[in-house]
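Here is start-v5.pdb, consisting of PDB, C-alpha atoms, pLDDT in the B column:
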ATOM      1  CA  MET F   1     114.290 125.761  71.745  1.00 81.00           C
ATOM      2  CA  ASN F   2     110.820 127.220  72.168  1.00 85.00           C
ATOM      3  CA  CYS F   3     108.517 125.931  74.871  1.00 89.00           C
ATOM      4  CA  GLU F   4     104.891 126.531  75.742  1.00 93.00           C
ATOM      5  CA  LEU F   5     103.502 127.511  79.134  1.00 95.00           C
ATOM      6  CA  ILE F   6      99.968 126.522  80.110  1.00 95.00           C
ATOM      7  CA  PHE F   7      98.407 127.895  83.272  1.00 95.00           C
ATOM      8  CA  TYR F   8      95.741 125.528  84.596  1.00 94.00           C
ATOM      9  CA  LEU F   9      93.494 126.588  87.464  1.00 91.00           C
ATOM     10  CA  ALA F  10      96.474 128.697  88.528  1.00 88.00           C
ATOM     11  CA  ALA F  11      96.919 131.673  90.812  1.00 86.00           C
ATOM     12  CA  LYS F  12      99.752 134.220  90.820  1.00 89.00           C
ATOM     13  CA  THR F  13     100.294 133.651  87.106  1.00 92.00           C
ATOM     14  CA  ASN F  14     102.515 136.685  86.543  1.00 92.00           C
ATOM     15  CA  LEU F  15     104.790 135.823  89.471  1.00 94.00           C
ATOM     16  CA  CYS F  16     104.886 132.146  88.472  1.00 92.00           C
ATOM     17  CA  GLU F  17     105.847 133.052  84.904  1.00 93.00           C
ATOM     18  CA  LYS F  18     108.660 135.272  86.184  1.00 93.00           C
ATOM     19  CA  SER F  19     109.926 132.526  88.537  1.00 92.00           C
ATOM     20  CA  LEU F  20     109.860 129.935  85.767  1.00 91.00           C
ATOM     21  CA  GLY F  21     111.604 132.307  83.360  1.00 90.00           C
ATOM     22  CA  ALA F  22     114.349 133.032  85.879  1.00 89.00           C
ATOM     23  CA  ALA F  23     114.744 129.320  86.667  1.00 88.00           C
ATOM     24  CA  ILE F  24     115.248 128.295  83.010  1.00 85.00           C
ATOM     25  CA  LYS F  25     117.258 131.321  81.865  1.00 85.00           C
ATOM     26  CA  ASP F  26     120.500 129.316  81.729  1.00 80.00           C
ATOM     27  CA  THR F  27     118.944 126.668  79.470  1.00 82.00           C
ATOM     28  CA  ASP F  28     118.224 126.945  75.755  1.00 83.00           C
ATOM     29  CA  LEU F  29     114.478 127.112  76.441  1.00 84.00           C
ATOM     30  CA  ASN F  30     112.444 130.201  75.522  1.00 82.00           C
ATOM     31  CA  PHE F  31     108.732 130.751  76.063  1.00 82.00           C
ATOM     32  CA  HIS F  32     106.814 130.832  72.803  1.00 78.00           C
ATOM     33  CA  THR F  33     103.405 131.629  74.318  1.00 83.00           C
ATOM     34  CA  SER F  34     101.553 131.523  77.620  1.00 89.00           C
ATOM     35  CA  LEU F  35      98.130 129.903  77.509  1.00 92.00           C
ATOM     36  CA  PHE F  36      95.286 129.442  79.990  1.00 95.00           C
ATOM     37  CA  ALA F  37      93.054 126.410  80.618  1.00 94.00           C
ATOM     38  CA  THR F  38      90.129 126.226  83.026  1.00 91.00           C
ATOM     39  CA  SER F  39      88.819 122.701  82.426  1.00 93.00           C
ATOM     40  CA  PRO F  40      90.330 119.263  81.834  1.00 92.00           C
ATOM     41  CA  GLN F  41      89.077 119.335  78.236  1.00 91.00           C
ATOM     42  CA  SER F  42      90.652 122.714  77.471  1.00 92.00           C
ATOM     43  CA  LEU F  43      93.904 121.573  79.147  1.00 93.00           C
ATOM     44  CA  GLY F  44      94.014 118.476  76.953  1.00 90.00           C
ATOM     45  CA  GLU F  45      93.354 120.503  73.801  1.00 91.00           C
ATOM     46  CA  LEU F  46      96.040 123.035  74.684  1.00 92.00           C
ATOM     47  CA  ILE F  47      98.597 120.296  75.400  1.00 92.00           C
ATOM     48  CA  ILE F  48      97.920 118.642  72.029  1.00 90.00           C
ATOM     49  CA  ASP F  49      98.169 121.991  70.218  1.00 90.00           C
ATOM     50  CA  ALA F  50     101.333 122.935  72.137  1.00 92.00           C
ATOM     51  CA  PHE F  51     103.096 119.702  71.185  1.00 90.00           C
ATOM     52  CA  ASP F  52     102.268 120.433  67.534  1.00 90.00           C
ATOM     53  CA  LYS F  53     104.400 123.596  67.861  1.00 90.00           C
ATOM     54  CA  THR F  54     107.166 122.667  70.299  1.00 90.00           C
ATOM     55  CA  ASN F  55     108.681 119.750  72.203  1.00 90.00           C
ATOM     56  CA  VAL F  56     108.542 121.207  75.727  1.00 92.00           C
ATOM     57  CA  VAL F  57     105.351 122.112  77.597  1.00 94.00           C
ATOM     58  CA  PHE F  58     105.118 123.451  81.149  1.00 95.00           C
ATOM     59  CA  ILE F  59     101.843 123.284  83.066  1.00 95.00           C
ATOM     60  CA  ILE F  60     101.572 125.505  86.117  1.00 95.00           C
ATOM     61  CA  GLY F  61      98.726 124.949  88.550  1.00 93.00           C
ATOM     62  CA  GLY F  62      96.097 122.351  89.295  1.00 89.00           C
ATOM     63  CA  LEU F  63      98.351 120.161  91.432  1.00 86.00           C
ATOM     64  CA  SER F  64      96.546 120.920  94.683  1.00 85.00           C
ATOM     65  CA  VAL F  65      93.140 120.093  93.159  1.00 85.00           C
ATOM     66  CA  THR F  66      92.123 116.625  94.348  1.00 82.00           C
ATOM     67  CA  ASP F  67      88.972 115.980  92.297  1.00 84.00           C
ATOM     68  CA  ASP F  68      88.764 114.732  88.690  1.00 85.00           C
ATOM     69  CA  SER F  69      89.843 118.122  87.330  1.00 85.00           C
ATOM     70  CA  GLY F  70      93.237 118.059  89.096  1.00 84.00           C
ATOM     71  CA  VAL F  71      96.372 117.778  86.960  1.00 88.00           C
ATOM     72  CA  GLU F  72      97.338 114.400  88.450  1.00 86.00           C
ATOM     73  CA  ASN F  73      93.969 112.913  87.474  1.00 85.00           C
ATOM     74  CA  VAL F  74      93.943 114.510  84.020  1.00 88.00           C
ATOM     75  CA  LEU F  75      97.462 113.286  83.194  1.00 85.00           C
ATOM     76  CA  SER F  76      96.734 109.844  84.651  1.00 85.00           C
ATOM     77  CA  LYS F  77      93.730 109.459  82.357  1.00 83.00           C
ATOM     78  CA  ALA F  78      95.697 110.742  79.366  1.00 81.00           C
ATOM     79  CA  LEU F  79      98.441 108.184  80.008  1.00 81.00           C
ATOM     80  CA  ALA F  80      96.129 105.249  80.836  1.00 78.00           C
ATOM     81  CA  ASN F  81      97.027 103.335  77.658  1.00 79.00           C
ATOM     82  CA  LYS F  82     100.556 104.671  77.179  1.00 82.00           C
ATOM     83  CA  THR F  83     103.900 104.037  78.809  1.00 83.00           C
ATOM     84  CA  PRO F  84     106.112 107.142  78.701  1.00 88.00           C
ATOM     85  CA  ASP F  85     109.867 106.790  78.217  1.00 89.00           C
ATOM     86  CA  ASP F  86     110.440 108.683  81.462  1.00 88.00           C
ATOM     87  CA  ILE F  87     108.126 109.769  84.258  1.00 89.00           C
ATOM     88  CA  LYS F  88     109.373 111.359  87.469  1.00 90.00           C
ATOM     89  CA  LYS F  89     107.824 112.930  90.507  1.00 90.00           C
ATOM     90  CA  LEU F  90     109.587 116.243  91.134  1.00 90.00           C
ATOM     91  CA  LYS F  91     110.071 116.583  94.879  1.00 88.00           C
ATOM     92  CA  ASN F  92     108.913 119.913  96.246  1.00 87.00           C
ATOM     93  CA  PRO F  93     111.005 120.843  99.306  1.00 87.00           C
ATOM     94  CA  VAL F  94     108.634 123.713 100.168  1.00 87.00           C
ATOM     95  CA  SER F  95     105.236 121.957 100.304  1.00 85.00           C
ATOM     96  CA  LYS F  96     103.420 118.726  99.478  1.00 82.00           C
ATOM     97  CA  SER F  97     102.532 119.807  95.913  1.00 84.00           C
ATOM     98  CA  ASP F  98     105.186 117.857  94.025  1.00 88.00           C
ATOM     99  CA  GLY F  99     105.617 118.398  90.312  1.00 91.00           C
ATOM    100  CA  TYR F 100     105.818 115.864  87.495  1.00 92.00           C
ATOM    101  CA  LEU F 101     108.032 115.281  84.491  1.00 93.00           C
ATOM    102  CA  ILE F 102     106.835 113.108  81.621  1.00 92.00           C
ATOM    103  CA  ARG F 103     108.982 112.441  78.542  1.00 91.00           C
ATOM    104  CA  GLN F 104     107.940 110.544  75.466  1.00 90.00           C
ATOM    105  CA  GLY F 105     110.559 110.503  72.726  1.00 86.00           C
ATOM    106  CA  GLY F 106     111.565 114.084  72.005  1.00 88.00           C
ATOM    107  CA  GLN F 107     108.613 115.613  73.868  1.00 91.00           C
ATOM    108  CA  LEU F 108     108.689 116.751  77.478  1.00 92.00           C
ATOM    109  CA  LEU F 109     105.826 117.819  79.745  1.00 94.00           C
ATOM    110  CA  ILE F 110     106.539 119.355  83.150  1.00 94.00           C
ATOM    111  CA  ALA F 111     103.761 120.066  85.670  1.00 95.00           C
ATOM    112  CA  LEU F 112     104.571 122.519  88.455  1.00 95.00           C
ATOM    113  CA  PRO F 113     102.664 124.064  91.392  1.00 94.00           C
ATOM    114  CA  ASP F 114     101.367 127.628  91.160  1.00 92.00           C
ATOM    115  CA  GLU F 115     103.555 129.107  93.883  1.00 93.00           C
ATOM    116  CA  PRO F 116     106.612 131.068  92.652  1.00 94.00           C
ATOM    117  CA  GLU F 117     108.913 129.951  95.494  1.00 94.00           C
ATOM    118  CA  GLU F 118     107.962 126.312  94.885  1.00 92.00           C
ATOM    119  CA  ILE F 119     108.726 126.621  91.162  1.00 92.00           C
ATOM    120  CA  THR F 120     112.145 128.047  92.026  1.00 92.00           C
ATOM    121  CA  ALA F 121     112.810 125.287  94.583  1.00 92.00           C
ATOM    122  CA  ILE F 122     111.836 122.446  92.234  1.00 91.00           C
ATOM    123  CA  LEU F 123     113.811 123.866  89.309  1.00 89.00           C
ATOM    124  CA  SER F 124     116.959 124.584  91.311  1.00 85.00           C
ATOM    125  CA  GLY F 125     117.831 120.906  91.678  1.00 78.00           C
ATOM    126  CA  PRO F 126     118.552 118.124  89.185  1.00 77.00           C
ATOM    127  CA  LEU F 127     115.653 119.218  86.969  1.00 81.00           C
ATOM    128  CA  LYS F 128     117.630 122.221  85.742  1.00 78.00           C
ATOM    129  CA  LYS F 129     120.406 119.962  84.416  1.00 80.00           C
ATOM    130  CA  TYR F 130     117.796 117.635  82.902  1.00 81.00           C
ATOM    131  CA  LEU F 131     116.265 120.620  81.062  1.00 82.00           C
ATOM    132  CA  SER F 132     119.670 121.820  79.857  1.00 76.00           C
ATOM    133  CA  ASP F 133     120.523 118.372  78.558  1.00 78.00           C
ATOM    134  CA  PHE F 134     117.078 117.963  76.957  1.00 77.00           C
ATOM    135  CA  SER F 135     117.166 121.339  75.219  1.00 65.00           C
ATOM    136  CA  ALA F 136     120.553 120.415  73.725  1.00 60.00           C
ATOM    137  CA  TYR F 137     118.983 117.155  72.425  1.00 58.00           C
TER     138      TYR F 137
END

Could you quickly redo this structure as structure tokens?
Amino acid sequence: MNCELIFYLAAKTNLCEKSLGAAIKDTDLNFHTSLFATSPQSLGELIIDAFDKTNVVFIIGGLSVTDDSGVENVLSKALANKTPDDIKKLKNPVSKSDGYLIRQGGQLLIALPDEPEEITAILSGPLKKYLSDFSAY
């Protein structure tokens, strides 16, 4: 199953992409494209476009931003009038920048920090099985 990767206000993009690729290699997920967003509006547009092409979207970056442009605030506003089927905070054992998983029907959005070792740590736990099960869905 193809998935999209959106970097949002992210650093170390090449290393993060490699860490994410290594972490999901045992699943049926394959990156279709890697995209870049620098504002909440462009992030929203890219997410909408990505879900038109695939059912799985990863966002890397923007989790440590605490103003209105941070991923948490952007996703909170996007979900203000919706109740997802599944929403989970993904515990980050390396730092305080936890990730998020949001599933609505057959679509899955995963927000991760922009540190390669944190991506690896978050994806080495139960999330990897969740992704394997979801990609088989």

Hits from the PyMOL selection byres ((chain F and resi 65-82) around 9), listed as a VMD selection string: chain F and resid 8 to 9 39 to 41 43 to 44 59 61 to 64 83 to 84 100 111

Keeping only C-alpha atoms, write those residues as a compact mmCIF listing (two decimals), in the coordinates of the input.
# COMPACT_ATOMS: atom_id res chain seq x y z
CA TYR F 8 95.74 125.53 84.60
CA LEU F 9 93.49 126.59 87.46
CA SER F 39 88.82 122.70 82.43
CA PRO F 40 90.33 119.26 81.83
CA GLN F 41 89.08 119.34 78.24
CA LEU F 43 93.90 121.57 79.15
CA GLY F 44 94.01 118.48 76.95
CA ILE F 59 101.84 123.28 83.07
CA GLY F 61 98.73 124.95 88.55
CA GLY F 62 96.10 122.35 89.30
CA LEU F 63 98.35 120.16 91.43
CA SER F 64 96.55 120.92 94.68
CA THR F 83 103.90 104.04 78.81
CA PRO F 84 106.11 107.14 78.70
CA TYR F 100 105.82 115.86 87.50
CA ALA F 111 103.76 120.07 85.67

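Residue nearest F:Val56 within the list F:Leu90, F:Leu112, F:Ala10, F:Leu29: F:Leu29 [criterion: smallest interatomic distance, all atoms listed in the file].
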
Close residues, stretch 102-108 of chain F itself excluded, 8 Å, all atoms listed in the file, min 3 positions apart in chain, as a VMD selection string: chain F and resid 51 55 to 57 84 to 88

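Note that the spacing between atom CA of F:Lys89 and atom CA of F:Ile119 amounts to 13.7 Å.
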
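If only C-alpha atoms are the atoms counted, then among F:Thr38, F:Asn14, F:Ser95, F:Thr27 the closest residue to F:Met1 is F:Thr27.
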
As lines of an AutoDock Vina configuration file, please: the centre and edge lengths in Å, to one decimal, of an axis-aligned box enclosing every listed atom of stretch 117-130 of chain F with 5 Å added on each side.
center_x = 114.2
center_y = 123.8
center_z = 89.2
size_x = 22.4
size_y = 22.3
size_z = 22.6

Shell around F:Thr54 at 7 Å using only C-alpha atoms, local window under 3 positions removed, as a PyMOL selection string: chain F and resi 2-3+50-51

Output C-alpha atoms for every residue in that selection, as a CSV table (one decimal), in the coordinates of the input.
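What follows is the written file part22.csv:
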chain,number,residue,atom,x,y,z
F,2,ASN,CA,110.8,127.2,72.2
F,3,CYS,CA,108.5,125.9,74.9
F,50,ALA,CA,101.3,122.9,72.1
F,51,PHE,CA,103.1,119.7,71.2

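Picture a line from atom CA of F:Pro116 to atom CA of F:Lys91; it runs 15.1 Å.
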
Top pick for closest residue to F:Ser34, considering F:Leu101, F:Leu127, F:Cys16, F:Ile122 and counting all atoms listed in the file: F:Cys16

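Using all atoms listed in the file, the nearest neighbour of F:Asp133 within the list F:Ala121, F:Asp28, F:Ser97, F:Glu115 is F:Asp28.
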
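Reported to one decimal place, the separation of atom CA of F:His32 from atom CA of F:Lys53 is 9.1 Å.
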
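Closest approach to F:Ser124 among F:Asp52, F:Ser42, F:Ala23, F:Thr33 is made by F:Ala23 (distances from all atoms listed in the file).
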
Polymer residues at most 9 Å from F:Ile24, all atoms listed in the file, same-chain spacing of 3 or more positions, as a ChimeraX atom specification: /F:19-21,27-30,123,128,131-132

Minimum-distance residue to F:Asp114, chosen among F:Ala11, F:Val94, F:Leu46, F:Ile6 (using only C-alpha atoms): F:Ala11
